[in-house]
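Next comes entry-v5.cif, a file with mmCIF, C-alpha atoms.
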```cif
data_final
#
loop_
_atom_site.label_atom_id
_atom_site.label_comp_id
_atom_site.auth_asym_id
_atom_site.auth_seq_id
_atom_site.Cartn_x
_atom_site.Cartn_y
_atom_site.Cartn_z
CA MET E 1 53.23 11.71 25.50
CA THR E 2 51.26 10.58 28.55
CA PHE E 3 48.19 8.36 28.34
CA SER E 4 46.00 11.22 29.55
CA SER E 5 47.37 13.48 26.80
CA LEU E 6 46.53 10.84 24.21
CA LEU E 7 42.98 10.54 25.55
CA PHE E 8 42.64 14.32 25.43
CA ILE E 9 43.72 14.44 21.77
CA ILE E 10 41.25 11.66 20.90
CA PHE E 11 38.57 13.55 22.83
CA ILE E 12 39.17 16.71 20.78
CA ALA E 13 38.90 14.69 17.56
CA VAL E 14 35.66 13.08 18.75
CA VAL E 15 34.17 16.47 19.65
CA GLY E 16 35.14 17.71 16.18
CA ILE E 17 33.35 14.77 14.56
CA GLN E 18 30.23 15.33 16.66
CA ILE E 19 30.14 19.05 15.88
CA ALA E 20 30.60 18.32 12.16
CA TYR E 21 27.63 15.95 12.23
CA TYR E 22 25.33 18.33 14.08
CA LEU E 23 26.30 21.27 11.87
CA ALA E 24 25.55 19.13 8.80
CA PHE E 25 22.17 18.22 10.31
CA LEU E 26 21.55 21.87 11.20
CA PHE E 27 22.07 23.23 7.70
CA SER E 28 20.54 20.31 5.81
CA PHE E 29 17.33 20.04 7.86
CA SER E 30 17.01 21.83 11.21
CA ILE E 31 16.87 25.36 9.78
CA LYS E 32 14.76 24.39 6.76
CA ARG E 33 11.14 25.46 6.62
CA SER E 34 8.43 22.95 5.88
CA THR E 35 6.53 23.57 2.67
CA PHE E 36 3.32 22.30 1.13
CA GLY E 37 3.31 21.06 -2.44
CA SER E 38 0.40 21.30 -4.84
CA ASN E 39 -2.91 19.70 -3.90
CA LYS E 40 -2.75 16.83 -6.37
CA GLN E 41 -5.53 14.56 -5.05
CA ILE E 42 -3.97 11.58 -6.82
CA PRO E 43 -5.61 8.21 -6.12
CA LEU E 44 -4.03 6.62 -3.05
CA SER E 45 -4.04 3.20 -1.43
CA VAL E 46 -3.48 3.32 2.33
CA ILE E 47 -2.08 -0.01 3.48
CA ILE E 48 -2.31 -1.09 7.11
CA CYS E 49 -0.91 -4.45 8.16
CA ALA E 50 -2.37 -5.57 11.49
CA LYS E 51 -1.71 -8.50 13.78
CA ASN E 52 -3.88 -8.69 16.91
CA GLU E 53 -4.82 -5.02 16.66
CA ALA E 54 -8.59 -5.12 17.19
CA GLN E 55 -8.70 -2.27 19.70
CA ASN E 56 -6.24 -0.04 17.86
CA LEU E 57 -8.17 -0.43 14.61
CA THR E 58 -11.41 0.41 16.41
CA ASP E 59 -9.81 3.55 17.86
CA ASN E 60 -7.78 4.79 14.88
CA LEU E 61 -9.48 3.77 11.64
CA PRO E 62 -12.18 6.49 11.90
CA ALA E 63 -9.49 9.21 11.71
CA ILE E 64 -8.15 7.68 8.48
CA LEU E 65 -11.61 7.19 6.99
CA ASN E 66 -12.42 10.85 7.79
CA GLN E 67 -9.49 12.22 5.82
CA ASP E 68 -10.36 15.25 3.71
CA TYR E 69 -9.30 13.49 0.53
CA LYS E 70 -11.41 12.60 -2.50
CA ASN E 71 -9.94 9.42 -3.87
CA PHE E 72 -8.40 6.80 -1.60
CA GLU E 73 -8.89 3.23 -0.55
CA ILE E 74 -7.81 1.51 2.65
CA VAL E 75 -6.31 -1.95 2.33
CA LEU E 76 -6.54 -3.72 5.69
CA VAL E 77 -4.23 -6.71 5.95
CA ASN E 78 -5.07 -9.18 8.69
CA ASP E 79 -1.82 -11.00 9.40
CA SER E 80 -3.12 -14.25 10.95
CA SER E 81 -4.51 -12.52 14.03
CA SER E 82 -5.77 -14.57 16.95
CA ASP E 83 -8.01 -11.84 18.40
CA LYS E 84 -11.01 -10.02 16.87
CA THR E 85 -8.95 -8.04 14.34
CA LEU E 86 -10.67 -9.61 11.31
CA LYS E 87 -14.10 -9.08 12.85
CA VAL E 88 -13.35 -5.39 13.44
CA MET E 89 -12.10 -5.03 9.86
CA ARG E 90 -15.28 -6.58 8.47
CA SER E 91 -17.45 -4.31 10.59
CA PHE E 92 -15.75 -1.27 9.01
CA GLU E 93 -15.91 -2.83 5.54
CA LYS E 94 -19.71 -3.12 5.79
CA LYS E 95 -20.01 0.62 6.40
CA HIS E 96 -17.37 1.94 3.99
CA GLN E 97 -17.03 1.11 0.31
CA ASN E 98 -13.39 2.18 0.11
CA ILE E 99 -12.15 -0.56 2.46
CA LYS E 100 -10.61 -3.75 1.12
CA ILE E 101 -9.60 -6.65 3.37
CA VAL E 102 -6.78 -9.08 2.75
CA ASP E 103 -6.98 -12.02 5.17
CA VAL E 104 -3.56 -13.64 5.38
CA GLN E 105 -3.54 -17.23 6.57
CA SER E 106 -0.58 -18.58 8.49
CA VAL E 107 2.06 -20.03 6.17
CA GLU E 108 4.89 -21.95 7.80
CA ALA E 109 7.57 -20.59 5.46
CA PHE E 110 6.55 -17.00 6.24
CA TRP E 111 5.37 -17.30 9.83
CA GLY E 112 5.92 -14.11 11.78
CA ASN E 113 7.05 -12.27 8.65
CA LYS E 114 5.25 -8.98 8.11
CA LYS E 115 6.75 -8.65 4.61
CA TYR E 116 4.70 -11.56 3.31
CA ALA E 117 1.47 -10.00 4.57
CA LEU E 118 2.44 -6.56 3.26
CA THR E 119 3.26 -8.00 -0.15
CA LEU E 120 -0.24 -9.47 -0.41
CA GLY E 121 -1.70 -6.13 0.61
CA ILE E 122 0.33 -4.25 -2.02
CA LYS E 123 -0.74 -6.71 -4.71
CA ALA E 124 -4.37 -6.27 -3.72
CA SER E 125 -4.22 -2.45 -3.86
CA LYS E 126 -5.71 -0.82 -6.95
CA ASN E 127 -3.79 2.48 -7.00
CA GLU E 128 -0.25 3.32 -8.06
CA PHE E 129 0.57 5.50 -5.05
CA LEU E 130 0.83 3.65 -1.74
CA VAL E 131 0.75 5.16 1.75
CA PHE E 132 1.82 3.07 4.73
CA THR E 133 0.99 3.35 8.39
CA ASP E 134 0.36 1.05 11.35
CA ALA E 135 -2.78 0.07 13.21
CA ASP E 136 -1.61 1.85 16.36
CA CYS E 137 -1.08 5.12 14.48
CA VAL E 138 -3.52 7.99 14.11
CA PRO E 139 -3.09 10.89 11.64
CA ASN E 140 -2.38 14.23 13.26
CA SER E 141 -5.01 15.92 11.11
CA LYS E 142 -7.64 15.26 8.47
CA HIS E 143 -5.18 16.62 5.90
CA TRP E 144 -2.59 13.89 6.39
CA LEU E 145 -3.14 12.30 2.97
CA THR E 146 -3.26 15.69 1.26
CA GLN E 147 0.08 16.64 2.76
CA ILE E 148 1.79 13.34 1.95
CA SER E 149 0.47 13.13 -1.62
CA SER E 150 1.54 16.72 -2.34
CA LYS E 151 5.17 15.61 -2.20
CA PHE E 152 4.89 13.18 -5.10
CA SER E 153 6.02 14.38 -8.52
CA ASN E 154 7.40 13.03 -11.76
CA LYS E 155 10.82 12.81 -10.10
CA LYS E 156 9.81 12.10 -6.52
CA SER E 157 8.48 8.57 -6.06
CA ILE E 158 9.15 8.19 -2.31
CA VAL E 159 7.79 10.36 0.50
CA LEU E 160 9.25 10.08 4.00
CA GLY E 161 7.08 11.35 6.82
CA PHE E 162 7.37 11.69 10.58
CA GLY E 163 5.81 9.16 12.91
CA GLY E 164 5.78 10.51 16.44
CA TYR E 165 4.63 9.03 19.73
CA ALA E 166 1.93 10.17 22.12
CA LYS E 167 3.15 12.06 25.18
CA LYS E 168 2.74 10.67 28.67
CA ARG E 169 3.34 12.91 31.65
CA PHE E 170 5.85 11.96 34.34
CA SER E 171 7.24 9.05 32.32
CA PHE E 172 10.99 8.92 31.73
CA LEU E 173 10.56 5.99 29.32
CA ASN E 174 8.12 8.02 27.24
CA LYS E 175 10.58 10.89 27.00
CA LEU E 176 13.39 8.50 26.08
CA ILE E 177 11.29 6.93 23.31
CA ARG E 178 10.32 10.32 21.91
CA PHE E 179 13.90 11.61 22.14
CA GLU E 180 15.19 8.62 20.18
CA THR E 181 12.44 9.18 17.60
CA VAL E 182 13.37 12.85 17.15
CA LEU E 183 17.08 12.05 16.87
CA THR E 184 16.36 9.36 14.27
CA ALA E 185 14.10 11.72 12.32
CA LEU E 186 16.78 14.42 12.39
CA GLN E 187 19.17 11.95 10.81
CA TYR E 188 17.01 10.39 8.09
CA PHE E 189 15.53 13.74 7.05
CA SER E 190 19.00 15.32 6.98
CA TYR E 191 20.54 12.49 4.99
CA ALA E 192 17.65 12.62 2.51
CA ASN E 193 18.18 16.37 2.02
CA MET E 194 21.90 15.75 1.51
CA GLY E 195 21.14 13.26 -1.27
CA MET E 196 21.91 10.17 0.83
CA PRO E 197 18.51 8.78 1.93
CA TYR E 198 18.88 5.61 3.94
CA MET E 199 15.60 4.79 5.70
CA GLY E 200 11.98 5.60 6.39
CA VAL E 201 9.53 4.57 9.09
CA GLY E 202 6.59 2.31 8.32
CA ARG E 203 4.37 4.42 10.56
CA ASN E 204 4.33 7.19 7.96
CA MET E 205 5.80 6.77 4.49
CA ALA E 206 4.66 6.43 0.89
CA TYR E 207 5.99 5.24 -2.44
CA ARG E 208 4.93 4.27 -5.94
CA LYS E 209 3.90 0.66 -6.49
CA GLU E 210 6.17 0.63 -9.55
CA LEU E 211 9.18 0.90 -7.21
CA PHE E 212 8.05 -2.17 -5.32
CA TYR E 213 7.72 -4.32 -8.42
CA ASN E 214 10.90 -3.03 -10.08
CA ASN E 215 12.81 -3.97 -6.92
CA SER E 216 11.19 -7.44 -6.77
CA GLY E 217 9.49 -6.36 -3.57
CA PHE E 218 11.22 -7.47 -0.39
CA ASN E 219 12.85 -10.41 -2.16
CA SER E 220 16.46 -9.59 -1.23
CA HIS E 221 15.68 -9.55 2.50
CA THR E 222 12.56 -11.69 2.83
CA GLN E 223 14.35 -13.93 5.34
CA LEU E 224 14.68 -11.01 7.77
CA LYS E 225 11.73 -10.38 10.04
CA SER E 226 12.22 -6.61 10.03
CA GLY E 227 13.11 -4.11 7.33
CA ASP E 228 9.88 -3.74 5.37
CA ASP E 229 10.38 0.01 5.75
CA ASP E 230 14.04 0.92 6.32
CA LEU E 231 15.71 -1.84 4.29
CA PHE E 232 13.34 -1.34 1.38
CA ILE E 233 13.98 2.41 1.33
CA ASN E 234 17.71 1.78 1.70
CA GLU E 235 17.59 -0.29 -1.49
CA VAL E 236 15.36 1.84 -3.73
CA ALA E 237 16.02 5.42 -2.57
CA THR E 238 18.34 7.60 -4.63
CA LYS E 239 19.55 11.17 -4.25
CA THR E 240 16.81 12.37 -6.61
CA ASN E 241 13.68 10.25 -6.02
CA VAL E 242 12.99 11.05 -2.34
CA SER E 243 10.89 13.84 -0.89
CA ILE E 244 10.37 14.54 2.81
CA CYS E 245 7.17 15.73 4.47
CA TYR E 246 7.26 17.18 7.97
CA THR E 247 4.41 19.66 8.23
CA GLU E 248 2.53 19.24 11.50
CA GLU E 249 -0.60 18.14 9.65
CA SER E 250 1.35 15.30 8.00
CA PHE E 251 2.46 13.60 11.25
CA THR E 252 1.12 10.34 12.54
CA VAL E 253 1.04 9.64 16.27
CA SER E 254 1.50 6.16 17.73
CA LYS E 255 1.03 4.61 21.12
CA PRO E 256 4.49 4.20 22.69
CA LYS E 257 5.60 1.15 24.61
CA THR E 258 4.91 1.37 28.34
CA SER E 259 7.63 -0.96 29.61
CA PHE E 260 11.38 -0.96 29.04
CA LYS E 261 11.28 -4.66 28.18
CA ASN E 262 8.79 -4.25 25.32
CA TRP E 263 10.58 -1.17 23.99
CA ILE E 264 13.94 -2.97 24.04
CA LEU E 265 12.42 -5.88 22.10
CA GLN E 266 11.02 -3.43 19.54
CA LYS E 267 14.35 -1.65 19.15
CA ARG E 268 16.21 -4.94 18.85
CA ARG E 269 14.10 -5.76 15.78
CA HIS E 270 14.78 -2.34 14.28
CA VAL E 271 18.52 -2.39 14.98
CA SER E 272 18.93 -5.90 13.57
CA THR E 273 18.40 -4.57 10.05
CA ALA E 274 21.09 -1.85 10.14
CA ILE E 275 23.90 -4.28 9.27
CA TYR E 276 22.25 -4.75 5.88
CA TYR E 277 22.36 -1.06 4.95
CA LYS E 278 24.61 0.13 2.15
CA PRO E 279 28.28 0.42 3.23
CA LYS E 280 28.35 4.24 3.14
CA HIS E 281 25.29 4.44 5.38
CA LYS E 282 26.69 1.88 7.82
CA PHE E 283 29.93 3.83 8.01
CA LEU E 284 28.30 7.23 8.58
CA LEU E 285 25.74 5.96 11.09
CA GLY E 286 28.32 3.83 12.88
CA LEU E 287 30.77 6.73 13.12
CA PHE E 288 28.05 8.95 14.57
CA TYR E 289 27.15 6.43 17.29
CA ILE E 290 30.78 5.58 18.12
CA SER E 291 31.65 9.27 18.39
CA GLN E 292 28.66 9.76 20.73
CA LEU E 293 29.79 6.87 22.91
CA LEU E 294 33.42 8.04 22.98
CA PHE E 295 32.40 11.60 23.75
CA TRP E 296 30.67 10.54 26.96
CA ALA E 297 33.27 7.95 27.94
CA LEU E 298 36.27 10.20 27.39
CA ALA E 299 34.63 13.23 28.99
CA VAL E 300 33.91 11.23 32.15
CA VAL E 301 37.45 9.81 32.30
CA LEU E 302 39.10 13.18 31.73
CA PHE E 303 36.90 14.89 34.34
CA ILE E 304 37.66 12.16 36.89
CA THR E 305 41.39 12.55 36.34
CA PHE E 306 41.12 16.37 36.30
CA PHE E 307 43.30 16.41 33.16
CA LYS E 308 42.99 19.90 31.64
CA TRP E 309 39.46 19.95 32.98
CA GLN E 310 38.90 23.59 31.96
CA TRP E 311 39.55 22.71 28.32
CA VAL E 312 37.50 19.55 28.58
CA LEU E 313 34.61 21.57 30.00
CA ALA E 314 34.91 24.11 27.19
CA PHE E 315 34.77 21.39 24.52
CA VAL E 316 31.85 19.69 26.26
CA ILE E 317 29.91 22.97 26.34
CA LEU E 318 30.72 23.68 22.68
CA ARG E 319 29.53 20.25 21.64
CA PHE E 320 26.32 20.50 23.68
CA LEU E 321 25.53 23.96 22.32
CA THR E 322 25.90 22.73 18.75
CA GLN E 323 23.80 19.66 19.47
CA LEU E 324 21.08 21.59 21.28
CA LEU E 325 20.82 24.11 18.45
CA SER E 326 20.32 21.42 15.84
CA LEU E 327 18.14 19.19 18.02
CA GLY E 328 16.21 22.13 19.42
CA LEU E 329 15.14 23.49 16.04
CA THR E 330 14.22 19.97 14.92
CA ALA E 331 12.25 19.25 18.10
CA LYS E 332 10.38 22.53 17.65
CA LYS E 333 9.45 21.49 14.10
CA LEU E 334 8.30 18.08 15.26
CA LYS E 335 6.41 19.47 18.28
CA GLU E 336 8.70 17.77 20.80
CA PHE E 337 10.37 20.84 22.28
CA ASP E 338 9.70 19.72 25.86
CA LEU E 339 12.53 17.18 25.46
CA ILE E 340 15.32 19.69 24.94
CA LEU E 341 16.08 20.58 28.55
CA LEU E 342 16.55 16.88 29.31
CA ALA E 343 18.50 16.17 26.11
CA PRO E 344 21.91 15.45 27.75
CA ILE E 345 20.37 13.03 30.26
CA LEU E 346 18.21 11.36 27.62
CA GLU E 347 21.17 11.03 25.28
CA PHE E 348 23.28 9.39 27.99
CA PHE E 349 20.63 6.77 28.76
CA LEU E 350 19.89 6.24 25.07
CA ILE E 351 23.55 5.48 24.33
CA LEU E 352 23.68 2.94 27.16
CA THR E 353 20.45 1.36 25.94
CA GLN E 354 21.71 1.13 22.37
CA LEU E 355 24.93 -0.46 23.59
CA SER E 356 22.94 -3.14 25.42
CA ILE E 357 20.79 -3.71 22.31
CA PHE E 358 23.84 -4.14 20.06
CA SER E 359 25.31 -6.60 22.57
CA ALA E 360 22.07 -8.59 22.86
CA ASN E 361 21.72 -8.82 19.06
CA LEU E 362 25.22 -10.29 18.81
CA ILE E 363 24.02 -13.17 20.97
CA SER E 364 20.62 -13.78 19.37
CA LYS E 365 18.38 -12.25 16.72
CA PRO E 366 14.70 -11.27 17.13
CA LYS E 367 12.58 -14.05 15.63
CA HIS E 368 9.38 -12.33 14.41
CA TRP E 369 7.69 -8.95 14.15
CA LYS E 370 5.05 -9.70 16.81
#
```
Go ahead and express the file in the form of C-alpha cells.
Amino acid sequence: MTFSSLLFIIFIAVVGIQIAYYLAFLFSFSIKRSTFGSNKQIPLSVIICAKNEAQNLTDNLPAILNQDYKNFEIVLVNDSSSDKTLKVMRSFEKKHQNIKIVDVQSVEAFWGNKKYALTLGIKASKNEFLVFTDADCVPNSKHWLTQISSKFSNKKSIVLGFGGYAKKRFSFLNKLIRFETVLTALQYFSYANMGMPYMGVGRNMAYRKELFYNNSGFNSHTQLKSGDDDLFINEVATKTNVSICYTEESFTVSKPKTSFKNWILQKRRHVSTAIYYKPKHKFLLGLFYISQLLFWALAVVLFITFFKWQWVLAFVILRFLTQLLSLGLTAKKLKEFDLILLAPILEFFLILTQLSIFSANLISKPKHWK
C-alpha cells in the first residue's frame, strides 16, 4: 500500500466521523423547533458581575430593568473596578428598588478571579432561581426573563440559553466570532438534547441556587480564572436536569471584540478550562476538532498530489453538504444565516486560530478574567 493510499483511507474515515457528528447535531438540535413553556413568573435573581463596565452598564441595564416580568431583582456585583462602575450602579440603585449592589474589594488570594465575586453575588441574592448575564449583554426582547424562566420545572434546574454577538458590516473578524459562537451553540445544545450536557455560556444561562450550594459552589476549580459557567455546568449537569432555551426572544446580544488580539486572549481563557471537562466530553469534543483539522489537512494534501482527486472531491462535497445542512438550520434558528455562504472559509480560519490558541496555552496560561 502506498503512502497516498493510506492517507486516502484515513481521509475517508475522517469524513465519516465528521458526517456522523453533523448528522447527530442535525437530528438532536438543528431540525428541532423552539417551544415556549408555561408562563411561570417565578421569582428570579439576575446576577451581573462587572469589572470596569461603567459604559456597558449605562447602555444595557435599562433593557434588563424594563423586562416584562413581575418579580425579579438585579444583583450588581462590582468586582474591584477602577472606573466609575460602582458610581453607575449606585445611580441605578437610587431609581430602582429591585437593584442590590455587592461591592467586592480586592482580596489578594482571589485577585482577578471572577468566581469569588460571583459567589458573593449569589450569596446576596434573595431568590432560588438565578439568571446570569454579563454587563456587555443586552436582552433581545423584553420577554427574555419570561422565556428563560418558562424552562424551569421540578426536573429541570438548569436552563442554557444563547448568547449571540452584535453584527458589524464588512468585518471578517466579526463574522469569525459569530461563526464560532454558532458552532459552539450547535454543539452544547445538541449534546444537552442527547443527554450529555457539558457547558453553558455565562452571557445567558440560569440555574437553581440549590445546585450551587450542593456542589460547594466553584470550590473544585476556584484556582482557575475561568470556568464559572462551563466548568460549573460540566460538574452539575445531568441528562435529566437541563433544559435549553433558544427562542429569538430569549437571546442576549453582546458586543464582540474588535481586534484579533483581544479575541484571542478571550478565547485562550475559555479554552484553558476544557482540559478539566469530564473524560467523555473531552474525548468527544477532541475527536470533533481533530477530525476537522485532519479533514482540511488531508484534503489539501490529496488535492495537491492529485491522488484520486475525483473521489476526494466527492467526499469533500458530501461532508460540506452535511455540515451546511446542520449549520444552516441552526444559523437560521439563531438569526445568523448570513454566515452560511462563508462557512467553509470561516471554518478554515477558525481551525487555524484554535490550533494557535491550543499551542499558546501549552506555553502559558491566562492569568485573570480581565
I'd like the contact shell of Pro139 (chain E) - 9 Å cut-off, all atoms listed in the file, skipping same-chain residues fewer than 5 positions apart - returned as a PyMOL selection string. chain E and resi 60+63-64+67+144-145+249-254
I'd like the neighbourhood of Leu76 (chain E) as a CSV table (one decimal) with C-alpha atoms, keeping the file's coordinate frame, where a residue qualifies if any of its atoms comes within 7 Å (using all atoms listed in the file), though same-chain residues fewer than 6 positions away should be ignored.
```csv
chain,number,residue,atom,x,y,z
E,47,ILE,CA,-2.1,0.0,3.5
E,48,ILE,CA,-2.3,-1.1,7.1
E,49,CYS,CA,-0.9,-4.4,8.2
E,100,LYS,CA,-10.6,-3.8,1.1
E,101,ILE,CA,-9.6,-6.6,3.4
E,102,VAL,CA,-6.8,-9.1,2.8
```
Proximity to Phe92 (chain E) - best of E:Ser5, E:Ser171, E:Thr58, E:Asn241, all atoms listed in the file: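 For Phe92 (chain E), the nearest of the candidates is E:Thr58.
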Give as an mmCIF file with C-alpha atoms, keeping the file's coordinate frame the residues that the PyMOL selection byres ((chain E and resi 163) around 9) matches when applied to the coordinates above.
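File written: result24.cif
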```cif
data_model
loop_
_atom_site.group_PDB
_atom_site.id
_atom_site.type_symbol
_atom_site.label_atom_id
_atom_site.label_comp_id
_atom_site.auth_asym_id
_atom_site.auth_seq_id
_atom_site.Cartn_x
_atom_site.Cartn_y
_atom_site.Cartn_z
ATOM 1 C CA THR E 133 0.990 3.350 8.390
ATOM 2 C CA CYS E 137 -1.080 5.120 14.480
ATOM 3 C CA GLY E 161 7.080 11.350 6.820
ATOM 4 C CA PHE E 162 7.370 11.690 10.580
ATOM 5 C CA GLY E 164 5.780 10.510 16.440
ATOM 6 C CA TYR E 165 4.630 9.030 19.730
ATOM 7 C CA THR E 181 12.440 9.180 17.600
ATOM 8 C CA ALA E 185 14.100 11.720 12.320
ATOM 9 C CA VAL E 201 9.530 4.570 9.090
ATOM 10 C CA GLY E 202 6.590 2.310 8.320
ATOM 11 C CA ARG E 203 4.370 4.420 10.560
ATOM 12 C CA ASN E 204 4.330 7.190 7.960
ATOM 13 C CA MET E 205 5.800 6.770 4.490
ATOM 14 C CA PHE E 251 2.460 13.600 11.250
ATOM 15 C CA THR E 252 1.120 10.340 12.540
ATOM 16 C CA VAL E 253 1.040 9.640 16.270
ATOM 17 C CA SER E 254 1.500 6.160 17.730
#
```
Restrict the calculation to all atoms listed in the file, then for each residue of region 16-124 of chain E with any atom at most 10 Å from an atom of region 207-219 of chain E give the closest atom pair and their distance in Å to one decimal, rows by chain and rising residue number, as CSV.
```
residue,atom,partner,partner_atom,distance
E:Leu44,CA,E:Arg208,CA,9.7
E:Ser45,CA,E:Lys209,CA,9.8
E:Lys115,CA,E:Phe218,CA,6.8
E:Tyr116,CA,E:Phe218,CA,8.5
E:Leu118,CA,E:Phe218,CA,9.6
E:Thr119,CA,E:Gly217,CA,7.3
E:Ile122,CA,E:Lys209,CA,7.5
E:Lys123,CA,E:Lys209,CA,8.9
```
With 6 Å added on each side, what axis-aligned box encloses every listed atom of region 310-319 of chain E? Give the centre and edge lengths in Å to one decimal, as lines of an AutoDock Vina configuration file.
```
center_x = 34.5
center_y = 21.8
center_z = 26.8
size_x = 22.0
size_y = 16.6
size_z = 22.3
```
